[in-house]
Structures are given as structure tokens and as C-alpha cells.
Amino acid sequence: MRVYVPLSLPRLAQAYQAGELGPAPLTAFAVTPALREWYLSDDIEELEYAALNRAGLASLRMLAGEPDAARRRVVVAVDVPDRAAVADPDRGLDPASLGEVSVREAVPLAKAAAVHVDADDAEADVAAAADALGAADHGDDDAQFVVDGAEDHELLWFATQEIPNLVGQGD
């Protein structure tokens, strides 16, 4: 199963140093039955894109709690055995947790398929969105508009070999 693990650049640097995404359990996003029902599509690429976007929002939430982190969302795509990623059936249709799974074991970073990161030009919108999350969560429509603005920026695809450069530890 392909899962999308939300991170920040400092957390990606920690994973790079440790050689794994962990410790377990990890919150990730995947194509779950609830996500399929919500998205109303049978196209696996569209569904995976929806899961990636859900992970992007979770990364934004991390950034809201990490004021010193670069304002760029980070998502690591990794394949894990189906048994390793479990959705909570009690939260399945909760809009806040659509596609959310718990990965029960640390995952070697070498098993990652790709890393998705915001471009530099997204930083101002991502910073504004991180600042607006609290108000958006309390129903402020203007704040929600700002949060949604971060999604206007596509997460760029990077090969795992590029992680050292992304976290400032490349040659």
C-alpha cells in the first residue's frame, strides 16, 4: 500500500539522519475505503493525489506547531505492506481524518518512493496558511480561504536521492 507521510523539512532531516521514518506509529494518508467514498472516483491516480493532498494539509498542521521550520510542506511517499497501515474505523468518515492511517512500524527511508515538497515560491502562502489554521478550524471563512490558498501550490516531486539537498546536507 502506498502511504503518504506528512513531515516538515526539520523532520525530514531527522529521518535522513536516522535512516528511517519513525518512531512508530506514524500518521500517514492512503487510499482508504472512506477516502474512496468521499472522493467518488475509481481512478487510483486521482485517489492517490487526494491522499497526497490530505498529507499536505497534515504537513501544514505540523508547520503551524513548528514556527522555526521553513514554510514548505513535505510529504514522503512510501510503500508498506497492507497489514502495516491501518485505518481507524471509528474515525473513517470524520472529514478531518479522511484517508488517515496509522503505520505500525518505522519505515526505512530507503524504501521511500519519492518526496513531495513545496517550491520556494510557495513559502509566503504556506506561512499565511499555517498562521490561519486555528481561525479556519473555528469556522472563519476568510481564514479557510487563506488555508485553501496553500493548496494552489502543487507539491513538487523529488527522487529520494535528492533528500540530502532538500535538508541542506548535500554536497
# chains A, B, ... in the order shown; residues from 1 in each chain; ligands from 1
$ residues_around --residues "segment 106-123 of chain A" --least-positions-apart "3" --cutoff "10 Å" --atoms "only C-alpha atoms" --output "number ranges by chain"
A: 2-9, 12, 15-26, 52, 56, 70-80, 84, 103, 126-129, 149-163, 166
$ write_last_selection --atoms "C-alpha atoms" --output "CSV table (one decimal), in the first residue's frame"
chain,number,residue,atom,x,y,z
A,2,ARG,CA,1.3,3.5,-0.9
A,3,VAL,CA,1.1,5.8,2.1
A,4,TYR,CA,1.9,9.5,2.3
A,5,VAL,CA,3.7,10.6,5.5
A,6,PRO,CA,3.4,14.3,6.3
A,7,LEU,CA,6.6,15.9,7.6
A,8,SER,CA,8.4,19.3,7.8
A,9,LEU,CA,11.9,19.9,6.5
A,12,LEU,CA,12.8,15.1,7.0
A,15,ALA,CA,14.5,10.9,9.2
A,16,TYR,CA,17.5,11.3,6.9
A,17,GLN,CA,19.9,11.2,9.8
A,18,ALA,CA,18.1,8.2,11.4
A,19,GLY,CA,17.7,6.4,8.1
A,20,GLU,CA,14.0,5.8,8.8
A,21,LEU,CA,10.6,7.4,9.2
A,22,GLY,CA,9.7,6.8,12.8
A,23,PRO,CA,9.2,6.1,15.6
A,24,ALA,CA,6.1,4.1,15.1
A,25,PRO,CA,3.2,4.6,15.0
A,26,LEU,CA,3.3,7.1,12.1
A,52,LEU,CA,-1.2,13.2,-1.1
A,56,GLY,CA,-0.1,18.0,2.6
A,70,ALA,CA,10.9,26.6,6.7
A,71,ARG,CA,7.4,27.2,5.5
A,72,ARG,CA,7.3,24.4,3.0
A,73,ARG,CA,5.1,21.3,3.2
A,74,VAL,CA,6.8,18.0,2.9
A,75,VAL,CA,5.3,14.6,2.2
A,76,VAL,CA,7.2,11.3,1.8
A,77,ALA,CA,5.5,8.6,-0.4
A,78,VAL,CA,6.4,5.1,0.8
A,79,ASP,CA,5.1,1.6,0.1
A,80,VAL,CA,4.4,-0.5,3.1
A,84,ALA,CA,1.4,-2.3,8.3
A,103,VAL,CA,1.7,2.9,10.2
A,126,VAL,CA,2.2,28.3,3.2
A,127,ALA,CA,3.3,30.6,6.1
A,128,ALA,CA,0.0,32.5,5.9
A,129,ALA,CA,-2.0,29.3,5.8
A,149,GLY,CA,-4.6,29.0,-0.9
A,150,ALA,CA,-1.7,26.8,0.1
A,151,GLU,CA,-3.3,24.0,-1.9
A,152,ASP,CA,-3.0,26.2,-5.0
A,153,HIS,CA,0.7,25.3,-4.9
A,154,GLU,CA,1.4,21.8,-6.2
A,155,LEU,CA,3.9,19.8,-4.2
A,156,LEU,CA,6.9,19.1,-6.3
A,157,TRP,CA,8.2,15.6,-6.8
A,158,PHE,CA,11.8,14.8,-5.8
A,159,ALA,CA,13.7,11.5,-6.0
A,160,THR,CA,14.8,10.1,-2.7
A,161,GLN,CA,18.5,10.7,-3.7
A,162,GLU,CA,17.7,14.4,-3.5
A,163,ILE,CA,16.8,14.3,0.2
A,166,LEU,CA,16.4,19.3,0.4
$ residues_around --residues "Glu45 of chain A" --least-positions-apart "6" --cutoff "12 Å" --atoms "only C-alpha atoms" --output "NGL selection string"
:A and (2 or 30-31 or 36 or 39 or 51-52)
$ write_last_selection --atoms "C-alpha atoms" --output "compact mmCIF listing (two decimals), in the first residue's frame"
# COMPACT_ATOMS: atom_id res chain seq x y z
CA ARG A 2 1.29 3.45 -0.87
CA ALA A 30 -3.62 6.47 1.94
CA VAL A 31 -6.45 5.44 -0.33
CA ARG A 36 -12.85 6.40 -1.93
CA TYR A 39 -13.85 11.37 -3.37
CA ALA A 51 -4.37 11.18 -0.25
CA LEU A 52 -1.23 13.21 -1.06
$ select_by_dssp --residues "chain A" --states "strand (DSSP E or B)" --output "ChimeraX atom specification"
/A:2-7,20-21,26-29,74-79,85-86,100-103,107-108,112-117,156-158
$ residues_around --residues "Leu133 of chain A" --least-positions-apart "4" --cutoff "8 Å" --atoms "only C-alpha atoms" --output "list in words"
Arg61, Ala64, Ala129, Asp137, Ala143, Gln144 and Val147 of chain A
$ residues_around --residues "Gly99 of chain A" --least-positions-apart "4" --cutoff "10 Å" --atoms "only C-alpha atoms" --output "short mmCIF file (atom, residue, chain, number, x, y, z; two decimals) with N, CA and C atoms, in the first residue's frame"
data_model
loop_
_atom_site.label_atom_id
_atom_site.label_comp_id
_atom_site.auth_asym_id
_atom_site.auth_seq_id
_atom_site.Cartn_x
_atom_site.Cartn_y
_atom_site.Cartn_z
N VAL A 3 1.55 4.86 1.06
CA VAL A 3 1.11 5.80 2.09
C VAL A 3 1.91 7.09 1.93
N TYR A 4 1.31 8.16 2.39
CA TYR A 4 1.92 9.49 2.29
C TYR A 4 2.11 10.02 3.71
N ALA A 28 -0.14 8.67 8.64
CA ALA A 28 0.06 8.80 7.20
C ALA A 28 -1.32 8.87 6.55
N PHE A 29 -1.33 9.01 5.24
CA PHE A 29 -2.58 9.06 4.49
C PHE A 29 -2.47 8.11 3.32
N ALA A 30 -3.60 7.48 3.00
CA ALA A 30 -3.62 6.47 1.94
C ALA A 30 -5.02 6.43 1.33
N VAL A 31 -5.14 5.64 0.29
CA VAL A 31 -6.45 5.44 -0.33
C VAL A 31 -7.19 4.41 0.53
N THR A 32 -8.04 4.91 1.39
CA THR A 32 -8.85 4.08 2.28
C THR A 32 -10.26 3.97 1.73
N PRO A 33 -11.05 3.04 2.22
CA PRO A 33 -12.45 2.97 1.78
C PRO A 33 -13.20 4.29 2.01
N ALA A 34 -12.95 4.94 3.13
CA ALA A 34 -13.63 6.20 3.41
C ALA A 34 -13.21 7.29 2.42
N LEU A 35 -11.93 7.32 2.06
CA LEU A 35 -11.47 8.31 1.08
C LEU A 35 -12.10 8.03 -0.27
N ARG A 36 -12.20 6.77 -0.66
CA ARG A 36 -12.85 6.40 -1.93
C ARG A 36 -14.30 6.88 -1.95
N TRP A 38 -15.68 9.28 -0.14
CA TRP A 38 -15.73 10.74 -0.11
C TRP A 38 -15.39 11.34 -1.47
N LEU A 47 -7.24 9.21 -6.70
CA LEU A 47 -7.37 8.89 -5.29
C LEU A 47 -6.04 9.07 -4.56
N GLU A 48 -4.95 8.65 -5.18
CA GLU A 48 -3.65 8.84 -4.55
C GLU A 48 -3.30 10.33 -4.46
N ALA A 50 -5.50 12.67 -4.04
CA ALA A 50 -6.30 13.14 -2.90
C ALA A 50 -5.62 12.79 -1.58
N ALA A 51 -5.08 11.58 -1.47
CA ALA A 51 -4.37 11.18 -0.25
C ALA A 51 -3.12 12.05 -0.05
N LEU A 52 -2.40 12.34 -1.13
CA LEU A 52 -1.23 13.21 -1.06
C LEU A 52 -1.64 14.59 -0.55
N ARG A 54 -4.22 15.33 1.32
CA ARG A 54 -4.58 15.20 2.74
C ARG A 54 -3.30 15.24 3.59
N ALA A 55 -2.26 14.55 3.11
CA ALA A 55 -0.98 14.56 3.83
C ALA A 55 -0.37 15.96 3.79
N ALA A 87 -6.41 1.84 9.09
CA ALA A 87 -7.33 2.97 9.27
C ALA A 87 -8.20 2.70 10.49
N ASP A 88 -8.50 3.73 11.24
CA ASP A 88 -9.37 3.61 12.41
C ASP A 88 -10.82 3.65 11.92
N ARG A 91 -13.12 6.51 13.02
CA ARG A 91 -12.90 7.86 12.51
C ARG A 91 -13.02 7.92 11.01
N GLY A 92 -13.40 6.81 10.38
CA GLY A 92 -13.40 6.67 8.93
C GLY A 92 -14.06 7.78 8.15
N LEU A 93 -15.23 8.24 8.58
CA LEU A 93 -15.93 9.26 7.82
C LEU A 93 -15.82 10.66 8.43
N ASP A 94 -14.99 10.79 9.47
CA ASP A 94 -14.72 12.10 10.05
C ASP A 94 -13.96 12.91 8.99
N PRO A 95 -14.51 14.03 8.53
CA PRO A 95 -13.85 14.80 7.47
C PRO A 95 -12.40 15.15 7.80
#
